[in-house]
>>> print(open('final26.cif').read())   # mmCIF, C-alpha atoms
data_my_file
loop_
_atom_site.label_atom_id
_atom_site.label_comp_id
_atom_site.auth_asym_id
_atom_site.auth_seq_id
_atom_site.Cartn_x
_atom_site.Cartn_y
_atom_site.Cartn_z
CA MET D 21 20.54 45.34 81.29
CA SER D 22 19.85 46.42 84.86
CA VAL D 23 22.38 48.17 87.06
CA THR D 24 24.46 45.59 88.96
CA GLY D 25 27.80 45.18 90.71
CA ALA D 26 30.26 47.95 91.52
CA GLU D 27 29.03 50.09 88.65
CA GLY D 28 25.47 49.74 89.88
CA ALA D 29 26.48 50.82 93.38
CA THR D 30 28.23 53.89 92.01
CA LYS D 31 25.31 54.80 89.81
CA SER D 32 22.80 54.24 92.60
CA GLY D 33 24.76 56.51 94.89
CA GLY D 34 24.74 59.14 92.20
CA PHE D 35 20.98 58.73 91.92
CA TRP D 36 20.35 59.60 95.52
CA SER D 37 22.78 62.50 95.56
CA VAL D 38 21.05 64.07 92.58
CA TRP D 39 17.59 63.66 94.07
CA GLY D 40 18.94 65.19 97.26
CA LEU D 41 21.36 68.10 96.82
CA PRO D 42 22.88 68.11 93.33
CA SER D 43 26.21 69.83 92.86
CA SER D 44 26.72 72.74 90.49
CA SER D 45 28.47 70.47 88.01
CA ALA D 46 25.53 68.06 88.13
CA TRP D 47 23.16 70.93 87.38
CA ARG D 48 25.27 71.97 84.40
CA ARG D 49 25.30 68.46 82.97
CA MET D 50 21.55 68.05 83.43
CA ARG D 51 20.83 71.45 81.87
CA ALA D 52 22.86 70.52 78.80
CA LEU D 53 21.00 67.22 78.47
CA ALA D 54 17.65 68.93 79.07
CA ARG D 55 18.32 71.46 76.28
CA ALA D 56 19.06 68.61 73.87
CA GLU D 57 15.91 66.76 74.93
CA LEU D 58 13.80 69.91 74.55
CA THR D 59 15.03 70.33 70.98
CA LEU D 60 14.08 66.74 70.20
CA LEU D 61 10.71 67.14 71.91
CA LEU D 62 9.79 70.21 69.88
CA ARG D 63 10.65 68.36 66.67
CA ASN D 64 8.30 65.51 67.58
CA ARG D 65 4.78 66.58 66.61
CA THR D 66 3.16 63.62 68.33
CA ALA D 67 4.91 64.38 71.61
CA VAL D 68 3.98 68.07 71.36
CA PHE D 69 0.34 67.12 70.71
CA VAL D 70 0.24 64.79 73.72
CA SER D 71 1.94 67.36 75.95
CA LEU D 72 0.03 70.49 74.95
CA VAL D 73 -3.25 69.53 73.30
CA MET D 74 -4.32 66.26 74.93
CA PRO D 75 -4.64 67.75 78.46
CA VAL D 76 -6.94 70.46 77.09
CA LEU D 77 -9.08 67.96 75.19
CA MET D 78 -9.23 65.67 78.20
CA MET D 79 -10.34 68.48 80.48
CA ALA D 80 -13.00 69.53 77.97
CA ALA D 81 -14.34 65.98 77.97
CA THR D 82 -14.13 65.89 81.76
CA SER D 83 -16.24 69.03 82.14
CA SER D 84 -19.25 67.42 80.49
CA THR D 85 -18.95 64.33 82.71
CA VAL D 86 -18.55 66.32 85.91
CA GLY D 87 -21.54 68.47 84.97
CA GLU D 88 -23.77 65.40 85.22
CA LEU D 89 -22.54 64.39 88.69
CA ASP D 90 -24.36 65.18 91.91
CA LEU D 91 -21.67 67.13 93.76
CA GLU D 92 -23.93 68.18 96.62
CA GLY D 93 -22.19 67.32 99.86
CA THR D 94 -18.69 67.16 98.35
CA GLY D 95 -17.99 70.82 99.02
CA PHE D 96 -16.74 71.33 95.46
CA SER D 97 -18.28 72.95 92.41
CA ALA D 98 -18.04 71.41 88.96
CA GLY D 99 -15.42 73.97 87.92
CA GLU D 100 -13.30 73.24 90.97
CA VAL D 101 -13.40 69.50 90.28
CA VAL D 102 -12.43 69.99 86.63
CA LEU D 103 -9.59 72.40 87.33
CA THR D 104 -8.04 70.51 90.24
CA GLY D 105 -8.46 67.23 88.39
CA GLY D 106 -6.83 68.94 85.43
CA LEU D 107 -3.62 69.26 87.43
CA GLY D 108 -3.45 65.48 87.75
CA ILE D 109 -4.38 64.99 84.09
CA VAL D 110 -1.49 67.24 83.06
CA LEU D 111 0.98 65.33 85.24
CA VAL D 112 -0.14 61.92 83.99
CA LEU D 113 -0.29 62.82 80.30
CA VAL D 114 2.75 65.08 80.04
CA ILE D 115 5.14 63.33 82.42
CA TYR D 116 4.10 59.69 82.61
CA THR D 117 2.82 58.96 79.11
CA GLY D 118 5.24 61.46 77.58
CA LEU D 119 8.41 60.11 79.16
CA ILE D 120 7.92 56.40 78.50
CA PRO D 121 8.55 56.70 74.72
CA THR D 122 11.40 59.12 75.41
CA TYR D 123 13.25 56.67 77.63
CA VAL D 124 12.52 53.75 75.28
CA ALA D 125 13.68 55.67 72.21
CA ARG D 126 16.93 56.77 73.85
CA ARG D 127 17.57 53.23 75.06
CA GLU D 128 16.95 51.60 71.68
CA GLU D 129 19.10 54.24 69.95
CA ARG D 130 21.88 53.39 72.45
CA THR D 131 21.91 57.02 73.56
CA LEU D 132 21.54 56.03 77.21
CA LYS D 133 24.43 53.60 76.92
CA ARG D 134 26.67 56.28 75.41
CA LEU D 135 25.67 58.84 78.02
CA ARG D 136 26.67 56.47 80.82
CA THR D 137 30.24 56.33 79.49
CA GLY D 138 30.68 60.04 80.28
CA GLU D 139 30.42 62.10 83.46
CA LEU D 140 26.66 61.84 83.76
CA THR D 141 25.37 59.61 86.55
CA ASP D 142 22.31 57.44 86.07
CA ALA D 143 20.10 59.90 87.94
CA GLU D 144 21.39 62.85 85.95
CA ILE D 145 20.51 61.04 82.73
CA LEU D 146 17.00 60.22 83.89
CA VAL D 147 16.32 63.63 85.42
CA GLY D 148 17.88 65.59 82.57
CA SER D 149 15.84 63.64 80.04
CA ALA D 150 12.68 64.34 82.04
CA ALA D 151 13.31 68.06 82.59
CA PRO D 152 11.55 69.37 79.41
CA ALA D 153 8.40 67.38 80.17
CA ALA D 154 8.48 68.56 83.79
CA ALA D 155 8.86 72.17 82.65
CA LEU D 156 5.90 71.87 80.27
CA ALA D 157 3.79 70.25 82.99
CA LEU D 158 4.73 72.93 85.52
CA ALA D 159 3.85 75.70 83.07
CA GLN D 160 0.45 74.16 82.40
CA CYS D 161 -0.24 73.68 86.11
CA VAL D 162 0.55 77.34 86.76
CA ILE D 163 -1.72 78.38 83.87
CA LEU D 164 -4.54 76.23 85.26
CA VAL D 165 -4.29 77.80 88.71
CA VAL D 166 -4.09 81.34 87.34
CA CYS D 167 -6.98 80.80 84.92
CA GLY D 168 -9.03 79.17 87.65
CA VAL D 169 -8.61 82.15 89.96
CA VAL D 170 -8.90 84.89 87.34
CA ALA D 171 -11.39 83.53 84.82
CA PHE D 172 -13.43 80.85 86.60
CA ASP D 173 -13.96 82.44 90.01
CA VAL D 174 -12.15 79.67 91.87
CA SER D 175 -10.55 80.69 95.15
CA ALA D 176 -6.81 81.26 95.36
CA PRO D 177 -4.82 78.31 96.73
CA ARG D 178 -5.47 77.98 100.44
CA SER D 179 -2.13 76.29 101.09
CA LEU D 180 0.34 77.03 98.31
CA PRO D 181 3.14 74.98 99.98
CA LEU D 182 0.88 71.90 100.07
CA LEU D 183 -0.08 72.43 96.42
CA VAL D 184 3.60 72.71 95.50
CA VAL D 185 4.40 69.55 97.48
CA GLY D 186 1.68 67.66 95.61
CA VAL D 187 2.96 68.81 92.22
CA ALA D 188 6.60 68.12 93.16
CA LEU D 189 5.79 64.61 94.39
CA GLY D 190 3.91 64.11 91.14
CA PHE D 191 7.01 65.03 89.15
CA VAL D 192 9.20 62.58 91.06
CA MET D 193 6.70 59.72 91.29
CA LEU D 194 5.51 59.82 87.68
CA THR D 195 9.01 60.27 86.28
CA ALA D 196 10.14 57.20 88.20
CA LEU D 197 7.02 55.25 87.19
CA ALA D 198 7.63 56.21 83.56
CA ALA D 199 11.22 54.95 83.76
CA ALA D 200 10.04 51.74 85.44
CA THR D 201 7.38 51.20 82.77
CA ALA D 202 9.96 51.86 80.04
CA ALA D 203 11.97 48.92 81.38
CA PHE D 204 9.14 46.61 80.26
CA THR D 205 8.41 48.44 77.00
CA LYS D 206 10.11 46.95 73.95
CA THR D 207 9.45 49.67 71.37
CA VAL D 208 8.30 53.27 71.20
CA GLU D 209 5.08 52.13 69.54
CA SER D 210 4.27 49.70 72.36
CA ALA D 211 4.57 52.54 74.89
CA GLN D 212 0.95 53.39 74.06
CA ILE D 213 -0.01 49.96 75.38
CA THR D 214 2.22 49.75 78.45
CA SER D 215 1.16 53.21 79.64
CA MET D 216 -2.54 52.41 79.29
CA PRO D 217 -3.16 50.55 82.61
CA LEU D 218 -1.96 53.36 84.88
CA LEU D 219 -3.53 56.01 82.63
CA MET D 220 -6.98 54.38 82.63
CA VAL D 221 -6.91 53.48 86.32
CA SER D 222 -5.92 57.05 87.17
CA LEU D 223 -8.63 58.62 85.01
CA VAL D 224 -11.34 56.35 86.41
CA GLY D 225 -10.36 55.89 90.03
CA SER D 226 -8.01 58.67 91.15
CA GLY D 227 -10.48 61.52 91.47
CA LEU D 228 -9.37 63.25 88.28
CA ILE D 229 -12.84 63.04 86.76
CA VAL D 230 -15.11 61.59 89.45
CA PRO D 231 -14.37 62.82 92.99
CA LEU D 232 -13.94 60.05 95.53
CA GLU D 233 -16.59 61.75 97.66
CA VAL D 234 -19.36 60.63 95.25
CA MET D 235 -18.15 57.03 95.09
CA PRO D 236 -19.39 54.24 97.40
CA ASP D 237 -17.28 54.09 100.55
CA ALA D 238 -15.72 50.69 99.75
CA MET D 239 -14.74 51.77 96.24
CA ALA D 240 -13.35 55.08 97.51
CA ALA D 241 -11.24 53.24 100.10
CA VAL D 242 -9.66 51.11 97.38
CA CYS D 243 -9.13 54.08 95.08
CA ARG D 244 -7.33 56.01 97.81
CA VAL D 245 -4.34 53.65 97.64
CA LEU D 246 -3.81 54.27 93.92
CA PRO D 247 -0.65 56.30 93.15
CA VAL D 248 -2.26 59.28 91.42
CA THR D 249 -5.11 59.49 93.94
CA SER D 250 -2.74 60.68 96.65
CA LEU D 251 -1.39 63.37 94.33
CA THR D 252 -4.90 64.50 93.40
CA GLU D 253 -5.91 64.73 97.06
CA LEU D 254 -2.82 66.73 98.02
CA MET D 255 -3.15 69.16 95.11
CA ARG D 256 -6.91 69.57 95.60
CA ASP D 257 -6.44 70.11 99.33
CA GLY D 258 -3.65 72.62 98.70
CA TRP D 259 -5.88 74.57 96.33
CA LEU D 260 -9.35 74.20 97.86
CA GLY D 261 -8.87 72.60 101.27
CA GLY D 262 -11.22 69.90 102.53
CA LEU D 263 -8.92 67.34 104.18
CA ASP D 264 -8.36 67.11 107.91
CA GLY D 265 -4.94 66.50 109.41
CA MET D 266 -5.11 62.69 109.41
CA GLU D 267 -6.44 62.55 105.84
CA ARG D 268 -3.65 64.84 104.71
CA LEU D 269 -1.01 62.68 106.40
CA ARG D 270 -2.50 59.55 104.85
CA ALA D 271 -2.41 61.04 101.36
CA LEU D 272 1.17 62.21 101.90
CA ALA D 273 2.21 58.77 103.21
CA VAL D 274 0.65 57.00 100.20
CA ALA D 275 2.37 59.39 97.79
CA VAL D 276 5.76 58.92 99.47
CA ALA D 277 5.31 55.12 99.53
CA TRP D 278 4.49 54.98 95.82
CA THR D 279 7.41 57.28 95.05
CA ALA D 280 9.80 55.07 97.02
CA PHE D 281 8.48 51.97 95.26
CA ALA D 282 8.86 53.61 91.85
CA VAL D 283 12.46 54.63 92.61
CA PHE D 284 13.22 51.09 93.79
CA ALA D 285 11.71 49.68 90.59
CA VAL D 286 13.92 51.94 88.48
CA ARG D 287 17.07 50.96 90.37
CA ARG D 288 16.16 47.28 90.12
CA TRP D 289 14.78 46.88 86.60
CA PHE D 290 15.59 49.86 84.39
CA ARG D 291 17.42 48.85 81.22
CA TRP D 292 20.20 50.95 79.73
CA GLU D 293 20.83 48.87 76.63
CA PRO D 294 18.48 47.86 73.78
CA ARG D 295 16.14 44.98 74.49
CA HIS D 296 16.84 43.33 71.14
#
>>> encode(input="final26.cif", output="structure tokens")
Amino acid sequence: MSVTGAEGATKSGGFWSVWGLPSSSAWRRMRALARAELTLLLRNRTAVFVSLVMPVLMMAATSSTVGELDLEGTGFSAGEVVLTGGLGIVLVLVIYTGLIPTYVARREERTLKRLRTGELTDAEILVGSAAPAAALALAQCVILVVCGVVAFDVSAPRSLPLLVVGVALGFVMLTALAAATAAFTKTVESAQITSMPLLMVSLVGSGLIVPLEVMPDAMAAVCRVLPVTSLTELMRDGWLGGLDGMERLRALAVAVAWTAFAVFAVRRWFRWEPRH
């Protein structure tokens, strides 16, 4: 059931306040929910595998593919492409594909419905449930940057604020997209299917494996409007540079537009009660 009527208006208002400046009580409620979700996450071996092992395996597979590309003229080395693309891979696998089954499971167990009867607002429920995945993704992103600088002779981030903005937008956008996808996912098992389109499109066309600079111009222009592409460009530019002012603004505008659309989709279609 989607949020409608007076209750929907109240919950929607709570959503925006939490994404803006949450109160201390809101933080306390979300921390309590996040601790509970972290406990459940650590007990789920499949979720732990997807969150911690799959990004490493995916990056290992990516390195062999990138090694065969002609990167001359892109301004990036193979290691730089793998590591910066790895940031996007972590966000997509840990946050997007990891949160869809979480939201579906809590919905089908009626946990979301029970949580809404208490003090938690809709946004606090969604954000608190996503916090463990976001923490794991952030930790892995930090490890990637540190390892890249220390062990792989990649330069230190040229614009740390821009890199942080790219990662933060990734958290918000992919959390909202996960919640929106969960609205159309009937069971936890079917989450593997409903998450596949965005996952495959992102891996193939968002610069995570093949930089847009080596694609034909027409294909690259289409790929630049994909949601994860904008995140990849912002994070890669924050770490390595390469974009001019207009390109940076375009990537930021695309990321903000996709984030706004994802938030709208959650407010419009997210289900809080079981589908069957």
>>> residues_around(input="final26.cif", residues="D:Met216", least_positions_apart="5", cutoff="9 Å", atoms="only C-alpha atoms", output="PDB file with C-alpha atoms, in the frame of the given file")
ATOM      1  CA  THR D 117       2.820  58.960  79.110  1.00  0.00           C
ATOM      2  CA  ALA D 211       4.570  52.540  74.890  1.00  0.00           C
ATOM      3  CA  VAL D 221      -6.910  53.480  86.320  1.00  0.00           C
TER       4      VAL D 221
END
>>> residues_around(input="final26.cif", residues="D:Gly148", least_positions_apart="4", cutoff="8 Å", atoms="all atoms listed in the file", output="PyMOL selection string")
chain D and resi 49-54+57+144
>>> resolve_selection(input="final26.cif", expression="the PyMOL selection byres ((chain D and resi 197) around 12)", output="JSON, numbers by chain")
{"D": [111, 112, 115, 116, 117, 118, 119, 120, 123, 146, 150, 189, 190, 191, 192, 193, 194, 195, 196, 198, 199, 200, 201, 202, 203, 204, 214, 215, 218, 219, 247, 248, 278, 279, 280, 281, 282, 283, 284, 285, 286, 287, 289, 290]}
>>> resolve_selection(input="final26.cif", expression="the PyMOL selection byres ((chain D and resi 165) around 9)", output="ChimeraX atom specification")
/D:103-104,107,160-164,166-170,174,176-177,259
>>> resolve_selection(input="final26.cif", expression="the PyMOL selection byres ((chain D and resi 84) around 12)", output="PyMOL selection string")
chain D and resi 77-83+85-89+98-99+101-102+229-230
>>> atom_distance(input="final26.cif", atom1="atom CA of D:Ala125", atom2="atom CA of D:Ala56")
14.1 Å
>>> residues_around(input="final26.cif", residues="D:Asp257", least_positions_apart="6", cutoff="9 Å", atoms="only C-alpha atoms", output="list in words")
Pro177, Arg178, Ser179, Leu182, Leu183, Leu263 and Arg268 of chain D
